[in-house]
file final_12.txt (compact mmCIF, C-alpha atoms (C1' of nucleotides))
# COMPACT_ATOMS: atom_id res chain seq x y z
CA MET A 1 3.68 -7.40 29.38
CA SER A 2 0.89 -7.32 26.91
CA LYS A 3 -0.73 -4.15 25.69
CA PRO A 4 -0.99 -4.49 21.90
CA LEU A 5 -1.57 -1.36 19.87
CA PRO A 6 -5.33 -0.89 19.39
CA LYS A 7 -6.77 -1.45 15.93
CA LYS A 8 -7.51 2.27 15.76
CA PHE A 9 -3.77 2.99 15.86
CA PHE A 10 -3.35 1.59 12.35
CA HIS A 11 -6.19 3.66 10.96
CA GLN A 12 -3.90 6.57 10.13
CA ASP A 13 -2.30 8.00 7.03
CA ALA A 14 0.66 5.88 5.87
CA GLN A 15 3.31 8.51 6.56
CA ILE A 16 1.85 9.30 9.98
CA LEU A 17 1.71 5.62 10.84
CA ALA A 18 5.23 5.07 9.53
CA LYS A 19 6.47 7.76 11.95
CA GLN A 20 4.28 6.55 14.82
CA LEU A 21 5.61 3.01 14.50
CA ILE A 22 9.19 4.11 15.15
CA GLY A 23 10.03 3.05 18.71
CA LYS A 24 7.19 0.56 19.03
CA VAL A 25 8.11 -3.02 19.93
CA MET A 26 7.23 -6.08 17.86
CA ARG A 27 6.71 -9.24 19.88
CA SER A 28 6.66 -12.63 18.23
CA LYS A 29 6.26 -15.89 20.09
CA TYR A 30 8.56 -18.68 18.97
CA HIS A 31 7.85 -21.94 20.77
CA ASP A 32 7.70 -20.70 24.37
CA MET A 33 9.93 -17.69 23.92
CA TRP A 34 8.91 -14.14 23.10
CA LEU A 35 11.22 -12.53 20.54
CA SER A 36 11.09 -8.75 20.74
CA ALA A 37 12.49 -5.97 18.59
CA GLN A 38 12.02 -2.21 18.60
CA ILE A 39 11.18 -0.66 15.23
CA ILE A 40 13.77 1.90 14.11
CA GLU A 41 13.07 2.28 10.37
CA THR A 42 9.90 2.28 8.24
CA GLU A 43 8.68 3.27 4.77
CA ALA A 44 5.24 4.47 3.65
CA TYR A 45 3.61 3.31 0.41
CA TYR A 46 0.41 4.60 -1.20
CA LEU A 47 -1.98 3.14 -3.76
CA ALA A 48 -1.24 6.05 -6.09
CA ASP A 49 2.52 5.89 -5.84
CA LYS A 50 4.17 3.89 -8.58
CA SER A 51 6.53 2.04 -6.27
CA SER A 52 3.77 0.43 -4.24
CA HIS A 53 2.69 -3.13 -4.84
CA ALA A 54 -0.90 -1.89 -4.56
CA SER A 55 -0.38 0.39 -7.57
CA LEU A 56 0.11 -2.74 -9.68
CA GLY A 57 -3.54 -3.56 -9.06
CA PHE A 58 -5.60 -5.88 -6.94
CA THR A 59 -4.66 -9.55 -7.02
CA GLU A 60 -5.13 -12.34 -4.53
CA LYS A 61 -1.46 -12.08 -3.55
CA ARG A 62 -1.76 -8.38 -2.81
CA SER A 63 -5.21 -8.46 -1.29
CA ALA A 64 -4.00 -7.72 2.25
CA LEU A 65 -3.16 -4.19 1.09
CA PHE A 66 -6.85 -3.64 0.44
CA MET A 67 -8.05 -5.17 3.69
CA PRO A 68 -8.93 -3.19 6.87
CA ALA A 69 -6.22 -1.07 8.52
CA GLY A 70 -3.99 -3.21 10.70
CA THR A 71 -3.96 -6.22 8.36
CA ILE A 72 -0.55 -7.80 7.85
CA TYR A 73 0.78 -7.89 4.28
CA MET A 74 3.80 -10.10 3.77
CA TYR A 75 5.51 -10.92 0.51
CA TYR A 76 8.54 -12.90 -0.52
CA SER A 77 11.20 -11.37 -2.72
CA ARG A 78 14.95 -11.67 -3.21
CA ALA A 79 15.37 -14.59 -0.89
CA GLY A 80 13.45 -13.20 2.06
CA ASP A 81 10.10 -12.37 3.65
CA SER A 82 9.05 -8.74 4.22
CA LEU A 83 6.51 -7.33 6.68
CA ASN A 84 3.98 -4.59 5.90
CA ILE A 85 0.86 -3.33 7.65
CA SER A 86 -2.17 -1.92 5.86
CA CYS A 87 -3.39 1.46 7.06
CA LYS A 88 -5.95 4.17 6.33
CA GLY A 89 -7.10 4.13 2.70
CA LYS A 90 -7.28 1.04 0.48
CA GLY A 91 -3.92 0.12 -0.97
CA ASN A 92 -1.86 2.17 1.50
CA ALA A 93 0.63 0.51 3.84
CA VAL A 94 3.76 0.80 5.93
CA LEU A 95 6.80 -1.42 5.39
CA VAL A 96 8.80 -2.25 8.52
CA LYS A 97 12.43 -2.00 7.39
CA SER A 98 14.56 -2.53 10.45
CA ALA A 99 14.60 -2.94 14.19
CA VAL A 100 16.89 -3.61 17.14
CA PRO A 101 16.46 -6.47 19.60
CA TYR A 102 14.51 -5.34 22.65
CA PHE A 103 15.15 -7.45 25.70
CA ASP A 104 13.24 -6.57 28.80
CA ASP A 105 12.93 -10.05 30.24
CA ASN A 106 14.81 -12.73 28.37
CA ALA A 107 18.56 -13.18 28.15
CA GLN A 108 18.31 -16.17 25.82
CA MET A 109 16.39 -14.26 23.20
CA ILE A 110 19.49 -13.06 21.38
CA GLU A 111 20.78 -16.61 21.01
CA MET A 112 17.46 -17.65 19.51
CA MET A 113 17.47 -14.71 17.10
CA ARG A 114 21.00 -15.59 16.03
CA GLN A 115 19.89 -19.13 15.43
CA LEU A 116 16.93 -18.00 13.33
CA ASN A 117 18.99 -15.43 11.42
CA PRO A 118 22.55 -16.74 11.30
CA ALA A 119 25.37 -14.80 9.67
CA LYS A 120 27.17 -16.62 6.87
CA ASN A 121 30.53 -15.78 8.42
CA GLY A 122 31.00 -15.26 12.15
CA VAL A 123 28.38 -13.90 14.53
CA ARG A 124 25.83 -11.21 13.76
CA SER A 125 26.20 -8.33 16.21
CA ILE A 126 23.15 -7.47 18.29
CA ASN A 127 22.57 -4.12 16.62
CA LYS A 128 22.63 -5.75 13.15
CA LEU A 129 20.45 -8.71 14.03
CA CYS A 130 17.28 -7.10 12.65
CA ALA A 131 18.90 -4.52 10.33
CA GLY A 132 16.85 -5.19 7.22
CA GLN A 133 13.28 -5.97 6.20
CA THR A 134 13.98 -9.64 5.51
CA LEU A 135 16.50 -9.99 8.35
CA LEU A 136 13.99 -8.85 10.95
CA CYS A 137 11.42 -11.30 9.61
CA ARG A 138 13.96 -14.06 9.93
CA ALA A 139 15.05 -13.08 13.44
CA LEU A 140 11.42 -12.92 14.61
CA ASN A 141 10.37 -16.01 12.65
CA LEU A 142 7.71 -14.12 10.66
CA LYS A 143 6.62 -15.96 7.51
CA VAL A 144 4.41 -15.07 4.58
CA LYS A 145 2.57 -18.36 4.82
CA GLU A 146 1.67 -17.79 8.43
CA TRP A 147 0.92 -14.06 8.59
CA ASP A 148 -0.04 -12.65 5.20
CA GLN A 149 -3.64 -11.33 5.25
CA GLN A 150 -3.88 -11.91 9.01
CA PRO A 151 -4.63 -9.43 11.81
CA PHE A 152 -2.23 -9.21 14.74
CA ASP A 153 -2.71 -11.83 17.43
CA PRO A 154 -1.94 -10.83 21.06
CA LYS A 155 -1.04 -14.42 21.79
CA ARG A 156 1.50 -14.90 18.99
CA PHE A 157 2.49 -11.67 17.23
CA PHE A 158 1.67 -8.07 18.02
CA ILE A 159 3.15 -4.61 18.34
CA GLU A 160 3.34 -2.83 21.67
CA ASP A 161 3.80 0.73 22.88
CA VAL A 162 6.49 0.56 25.55
CA GLY A 163 6.44 4.31 26.15
CA TYR A 164 9.50 5.10 24.05
CA GLN A 165 9.49 8.43 22.20
CA PRO A 166 12.19 9.10 19.59
CA ASN A 167 14.12 12.35 19.97
CA THR A 168 14.57 12.94 16.27
CA LEU A 169 13.58 11.19 13.07
CA ILE A 170 15.44 11.25 9.78
CA GLN A 171 13.14 11.59 6.77
CA THR A 172 14.65 10.45 3.48
CA THR A 173 13.96 8.62 0.22
CA ARG A 174 13.01 4.97 0.08
CA LEU A 175 15.43 2.27 -0.96
CA GLY A 176 15.34 -0.11 -3.88
CA ILE A 177 12.87 1.89 -5.97
CA SER A 178 13.72 1.81 -9.65
CA GLU A 179 13.78 4.83 -11.90
CA GLY A 180 10.44 6.30 -12.90
CA ARG A 181 8.63 4.65 -10.01
CA ASP A 182 8.32 7.69 -7.72
CA GLU A 183 11.77 6.96 -6.38
CA ASP A 184 12.21 10.50 -5.03
CA LEU A 185 9.30 10.52 -2.58
CA PRO A 186 10.65 11.08 0.97
CA TYR A 187 8.65 8.36 2.66
CA ARG A 188 11.41 6.63 4.62
CA PHE A 189 11.78 7.30 8.34
CA ILE A 190 14.62 6.38 10.72
CA ASP A 191 15.15 6.88 14.45
CA TYR A 192 18.18 9.21 14.53
CA ASP A 193 19.48 7.60 17.72
CA TYR A 194 19.61 4.17 16.04
CA VAL A 195 20.83 5.22 12.61
CA ASP A 196 23.79 2.83 12.92
CA SER A 197 21.38 -0.10 12.98
CA CYS A 198 19.33 0.85 9.92
CA THR A 199 19.67 -0.75 6.50
CA SER A 200 21.70 2.08 5.02
CA ASN A 201 22.68 5.33 6.73
CA PRO A 202 21.66 8.29 4.51
CA LEU A 203 23.66 10.77 6.62
CA ARG A 204 26.95 9.13 5.65
CA LYS A 205 26.36 8.60 1.97
CA LYS A 206 28.93 10.22 -0.27
CA LYS A 207 26.44 10.50 -3.09
CA GLU A 208 23.80 13.20 -2.92
CA VAL A 209 20.93 11.78 -0.91
CA PHE A 210 17.97 13.83 0.26
CA TRP A 211 17.33 13.82 3.99
CA THR A 212 15.91 16.12 6.65
CA LEU A 213 15.51 15.92 10.41
CA ILE A 214 12.16 15.88 12.19
CA PRO A 215 12.35 16.99 15.84
CA ALA A 216 10.24 15.28 18.50
CA SER A 217 8.13 18.44 18.78
CA ASP A 218 6.88 17.86 15.22
CA LEU A 219 5.75 14.28 15.78
C1' DC B 1 12.68 -16.47 -18.03
C1' DC B 2 13.74 -12.58 -15.28
C1' DA B 3 12.60 -8.69 -12.44
C1' DA B 4 11.87 -7.78 -7.66
C1' DA B 5 9.99 -2.48 -1.77
C1' DG B 6 17.45 -7.51 -0.66
C1' DA B 7 21.82 -9.22 1.52
C1' DT B 8 26.59 -10.09 1.35
C1' DG B 9 31.52 -10.11 0.33
C1' DC B 10 35.25 -7.77 -1.44
C1' DG B 11 38.25 -4.06 -2.74
C1' DC B 12 39.02 0.54 -1.86
C1' DT B 13 39.28 4.94 0.97
C1' DG C 1 32.45 2.60 6.20
C1' DC C 2 31.19 2.97 1.04
C1' DG C 3 30.12 1.20 -3.73
C1' DC C 4 29.57 -2.25 -6.68
C1' DA C 5 29.26 -7.14 -8.30
C1' DT C 6 27.25 -11.30 -7.19
C1' DC C 7 24.09 -14.43 -5.04
C1' DT C 8 19.46 -15.25 -3.61
C1' DT C 9 13.92 -17.41 -4.49
C1' DT C 10 9.53 -16.82 -6.12
C1' DG C 11 5.64 -15.70 -8.99
C1' DG C 12 3.96 -13.54 -13.11
C1' DG C 13 4.62 -13.12 -18.23
call {"tool": "encode", "arguments": {"input": "final_12.txt", "output": "structure tokens"}}
result
Amino acid sequence: MSKPLPKKFFHQDAQILAKQLIGKVMRSKYHDMWLSAQIIETEAYYLADKSSHASLGFTEKRSALFMPAGTIYMYYSRAGDSLNISCKGKGNAVLVKSAVPYFDDNAQMIEMMRQLNPAKNGVRSINKLCAGQTLLCRALNLKVKEWDQQPFDPKRFFIEDVGYQPNTLIQTTRLGISEGRDEDLPYRFIDYDYVDSCTSNPLRKKKEVFWTLIPASDL
DNA sequence: CCAAAGATGCGCT
DNA sequence: GCGCATCTTTGGG
């Protein structure tokens, strides 16, 4: 079950890569168990855009953003780890925002994910187990200390093309960007068929939120 | 100190 | 289900 995305795959424009990553499956080995989740939501960030960490300048902490395409950039903020991947052009990257558990071989995987990412009250439903950039890192046991500035490793953590093609993507604005920091750029992408498992559903917002649909024929 | 590419509970619709 | 207040941890100023 192991056909990691080739390095070349990450050598694409951030928005293209963000769209291409939708539907791909992350696989992380925890002890002897593979934990797998299909990416359903991503965001693109560019060196020139004021919301990107890279735009704040090169530092040791942010150096992964300036390393070759396909380098993992992880950072810790607001009580959780987040996963990014560098892409074409120094300082450009894609943030993986949410996923859904993908179980093609292991029935115990969900229990392990629940253990790694417990809900404070009750049990986290399967479709919300990886519904957030820090939640998915928790459920897959991905840590800054272990993966920041590293390339993917087919033996421990990689992303795989399982042949899934989304029918439609939602394109909308990124979340958590403060005013004046290019908050209106439409660089967030969601698999329409899994919109109920994303961090926040733009289609059902009462407030005015920009979104548009991208059909499969345009991908 | 406090902002940060967040998450959660609670009250309301 | 939505919006807002509140809690969260860490590194840079």
call {"tool": "closest_atom_pairs", "arguments": {"input": "final_12.txt", "of": "range 49-139 of chain A", "to": "range 3-6 of chain B", "cutoff": "8 Å", "atoms": "all atoms listed in the file", "output": "JSON lines"}}
result
{"residue": "A:Ser51", "atom": "CA", "partner": "B:DA5", "partner_atom": "C1'", "distance": 7.3}
{"residue": "A:Ser52", "atom": "CA", "partner": "B:DA5", "partner_atom": "C1'", "distance": 7.3}
{"residue": "A:His53", "atom": "CA", "partner": "B:DA5", "partner_atom": "C1'", "distance": 7.9}
{"residue": "A:Ser77", "atom": "CA", "partner": "B:DA4", "partner_atom": "C1'", "distance": 6.1}
{"residue": "A:Arg78", "atom": "CA", "partner": "B:DG6", "partner_atom": "C1'", "distance": 5.5}
{"residue": "A:Ala79", "atom": "CA", "partner": "B:DG6", "partner_atom": "C1'", "distance": 7.4}
{"residue": "A:Gly80", "atom": "CA", "partner": "B:DG6", "partner_atom": "C1'", "distance": 7.5}
{"residue": "A:Leu95", "atom": "CA", "partner": "B:DA5", "partner_atom": "C1'", "distance": 7.9}
{"residue": "A:Thr134", "atom": "CA", "partner": "B:DG6", "partner_atom": "C1'", "distance": 7.4}
call {"tool": "write_last_selection", "arguments": {"input": "final_12.txt", "atoms": "C-alpha atoms", "output": "short mmCIF file (atom, residue, chain, number, x, y, z; two decimals), keeping the file's coordinate frame"}}
result
data_model
loop_
_atom_site.label_atom_id
_atom_site.label_comp_id
_atom_site.auth_asym_id
_atom_site.auth_seq_id
_atom_site.Cartn_x
_atom_site.Cartn_y
_atom_site.Cartn_z
CA SER A 51 6.53 2.04 -6.27
CA SER A 52 3.77 0.43 -4.24
CA HIS A 53 2.69 -3.13 -4.84
CA SER A 77 11.20 -11.37 -2.72
CA ARG A 78 14.95 -11.67 -3.21
CA ALA A 79 15.37 -14.59 -0.89
CA GLY A 80 13.45 -13.20 2.06
CA LEU A 95 6.80 -1.42 5.39
CA THR A 134 13.98 -9.64 5.51
#
call {"tool": "atom_distance", "arguments": {"input": "final_12.txt", "atom1": "CA of Tyr192 in chain A", "atom2": "CA of Leu169 in chain A"}}
result
5.2 Å
call {"tool": "interface_residues", "arguments": {"input": "final_12.txt", "of": "chain A", "to": "chain B", "cutoff": "12 Å", "atoms": "only C-alpha atoms (C1' of nucleotides)", "output": "PyMOL selection string"}}
result
chain A and resi 42-46+49-54+74-84+93-97+119-121+131-135+173-178+181-183+187-188+199-200+206
call {"tool": "atom_distance", "arguments": {"input": "final_12.txt", "atom1": "CA of Leu5 in chain A", "atom2": "CA of Lys29 in chain A"}}
result
16.5 Å
call {"tool": "atom_distance", "arguments": {"input": "final_12.txt", "atom1": "CA of Leu140 in chain A", "atom2": "CA of Ser28 in chain A"}}
result
6.0 Å
call {"tool": "closest_residue", "arguments": {"input": "final_12.txt", "among": "A:Val123, A:Leu56, A:Met112, A:Ile190", "to": "DG12 in chain C", "atoms": "all atoms listed in the file"}}
result
A:Leu56
call {"tool": "interface_residues", "arguments": {"input": "final_12.txt", "of": "chain C", "to": "chain A", "cutoff": "7 Å", "atoms": "only C-alpha atoms (C1' of nucleotides)", "output": "list in words"}}
result
DT8, DT9 and DT10 of chain C
call {"tool": "write_last_selection", "arguments": {"input": "final_12.txt", "atoms": "C-alpha atoms (C1' of nucleotides)", "output": "tab-separated table (two decimals), in the frame of the given file"}}
result
chain	number	residue	atom	x	y	z
C	8	DT	C1'	19.46	-15.25	-3.61
C	9	DT	C1'	13.92	-17.41	-4.49
C	10	DT	C1'	9.53	-16.82	-6.12
call {"tool": "axis_aligned_box", "arguments": {"input": "final_12.txt", "around": "chain C", "padding_each_side": "5 Å", "output": "lines of an AutoDock Vina configuration file"}}
result
center_x = 18.2
center_y = -7.2
center_z = -6.0
size_x = 38.5
size_y = 30.4
size_z = 34.4
call {"tool": "closest_residue", "arguments": {"input": "final_12.txt", "among": "A:Trp211, A:Asn201, A:Lys143, A:Lys7", "to": "DG1 in chain C", "atoms": "only C-alpha atoms (C1' of nucleotides)"}}
result
A:Asn201
call {"tool": "residues_around", "arguments": {"input": "final_12.txt", "residues": "Leu213 in chain A", "least_positions_apart": "5", "cutoff": "12 Å", "atoms": "all atoms listed in the file", "output": "VMD selection string"}}
result
chain A and resid 166 to 172 186 188 to 193 202 to 203 218 to 219
call {"tool": "write_last_selection", "arguments": {"input": "final_12.txt", "atoms": "C-alpha atoms", "output": "tab-separated table (two decimals), in the coordinates of the input"}}
result
chain	number	residue	atom	x	y	z
A	166	PRO	CA	12.19	9.10	19.59
A	167	ASN	CA	14.12	12.35	19.97
A	168	THR	CA	14.57	12.94	16.27
A	169	LEU	CA	13.58	11.19	13.07
A	170	ILE	CA	15.44	11.25	9.78
A	171	GLN	CA	13.14	11.59	6.77
A	172	THR	CA	14.65	10.45	3.48
A	186	PRO	CA	10.65	11.08	0.97
A	188	ARG	CA	11.41	6.63	4.62
A	189	PHE	CA	11.78	7.30	8.34
A	190	ILE	CA	14.62	6.38	10.72
A	191	ASP	CA	15.15	6.88	14.45
A	192	TYR	CA	18.18	9.21	14.53
A	193	ASP	CA	19.48	7.60	17.72
A	202	PRO	CA	21.66	8.29	4.51
A	203	LEU	CA	23.66	10.77	6.62
A	218	ASP	CA	6.88	17.86	15.22
A	219	LEU	CA	5.75	14.28	15.78
call {"tool": "decode", "arguments": {"input": "final_12.txt", "residues": "chain C", "atoms": "N, CA, C and O atoms (P, O5', C5', C4', C3', O3' and C1' of nucleotides)", "output": "tab-separated table (two decimals), in the first residue's frame"}}
result
chain	number	residue	atom	x	y	z
C	1	DG	P	-25.73	19.91	12.53
C	1	DG	O5'	-25.78	21.46	12.28
C	1	DG	C5'	-25.92	22.01	11.01
C	1	DG	C4'	-26.16	23.49	11.20
C	1	DG	C3'	-24.85	24.29	11.26
C	1	DG	O3'	-25.08	25.51	10.56
C	1	DG	C1'	-26.07	24.71	13.21
C	2	DC	P	-23.96	26.40	10.04
C	2	DC	O5'	-23.99	27.64	11.05
C	2	DC	C5'	-24.84	28.74	10.74
C	2	DC	C4'	-24.79	29.74	11.88
C	2	DC	C3'	-23.44	30.44	12.05
C	2	DC	O3'	-23.64	31.82	11.88
C	2	DC	C1'	-24.27	29.64	14.14
C	3	DG	P	-22.41	32.81	11.75
C	3	DG	O5'	-22.32	33.34	13.24
C	3	DG	C5'	-23.36	34.14	13.78
C	3	DG	C4'	-23.02	34.58	15.18
C	3	DG	C3'	-21.64	35.23	15.29
C	3	DG	O3'	-21.75	36.37	16.13
C	3	DG	C1'	-21.78	33.37	16.76
C	4	DC	P	-20.60	37.48	16.17
C	4	DC	O5'	-20.13	37.41	17.70
C	4	DC	C5'	-21.12	37.38	18.74
C	4	DC	C4'	-20.59	36.65	19.94
C	4	DC	C3'	-19.19	37.11	20.39
C	4	DC	O3'	-19.25	37.44	21.75
C	4	DC	C1'	-19.33	34.76	20.36
C	5	DA	P	-18.10	38.40	22.36
C	5	DA	O5'	-17.71	37.56	23.67
C	5	DA	C5'	-18.76	37.11	24.53
C	5	DA	C4'	-18.26	35.99	25.42
C	5	DA	C3'	-16.95	36.31	26.14
C	5	DA	O3'	-17.05	35.83	27.47
C	5	DA	C1'	-16.68	34.38	24.78
C	6	DT	P	-15.88	36.10	28.49
C	6	DT	O5'	-15.08	34.71	28.42
C	6	DT	C5'	-15.78	33.49	28.69
C	6	DT	C4'	-14.85	32.32	28.47
C	6	DT	C3'	-13.46	32.49	29.10
C	6	DT	O3'	-13.19	31.35	29.87
C	6	DT	C1'	-13.28	31.78	26.86
C	7	DC	P	-11.95	31.38	30.90
C	7	DC	O5'	-10.96	30.29	30.27
C	7	DC	C5'	-11.37	28.93	30.22
C	7	DC	C4'	-10.52	28.19	29.21
C	7	DC	C3'	-9.02	28.24	29.52
C	7	DC	O3'	-8.53	26.93	29.78
C	7	DC	C1'	-9.48	28.65	27.21
C	8	DT	P	-7.03	26.76	30.30
C	8	DT	O5'	-6.23	26.48	28.94
C	8	DT	C5'	-6.59	25.39	28.10
C	8	DT	C4'	-5.84	25.50	26.79
C	8	DT	C3'	-4.33	25.67	26.95
C	8	DT	O3'	-3.71	24.43	26.65
C	8	DT	C1'	-5.25	27.10	25.23
C	9	DT	P	-2.60	23.88	27.75
C	9	DT	O5'	-1.16	24.24	27.13
C	9	DT	C5'	-1.12	24.63	25.97
C	9	DT	C4'	0.17	24.97	25.29
C	9	DT	C3'	1.43	25.27	26.04
C	9	DT	O3'	2.47	24.56	25.37
C	9	DT	C1'	0.74	27.18	24.76
C	10	DT	P	4.02	24.65	25.76
C	10	DT	O5'	4.62	25.69	24.70
C	10	DT	C5'	4.29	25.52	23.32
C	10	DT	C4'	4.81	26.69	22.52
C	10	DT	C3'	6.19	27.18	22.94
C	10	DT	O3'	7.04	27.18	21.81
C	10	DT	C1'	4.65	28.99	22.83
C	11	DG	P	8.62	27.35	21.99
C	11	DG	O5'	8.85	28.79	21.35
C	11	DG	C5'	8.57	28.94	19.96
C	11	DG	C4'	8.45	30.41	19.61
C	11	DG	C3'	9.75	31.20	19.80
C	11	DG	O3'	9.78	32.20	18.80
C	11	DG	C1'	8.09	32.14	21.14
C	12	DG	P	11.12	32.68	18.17
C	12	DG	O5'	10.87	34.25	18.02
C	12	DG	C5'	9.75	34.71	17.28
C	12	DG	C4'	9.30	36.05	17.83
C	12	DG	C3'	10.42	37.09	18.00
C	12	DG	O3'	9.94	38.33	17.52
C	12	DG	C1'	9.32	36.80	20.04
C	13	DG	P	10.89	39.63	17.43
C	13	DG	O5'	10.29	40.56	18.58
C	13	DG	C5'	9.00	41.14	18.40
C	13	DG	C4'	8.67	42.01	19.59
C	13	DG	C3'	9.72	43.07	19.91
C	13	DG	O3'	9.07	44.31	20.21
C	13	DG	C1'	9.38	41.67	21.81
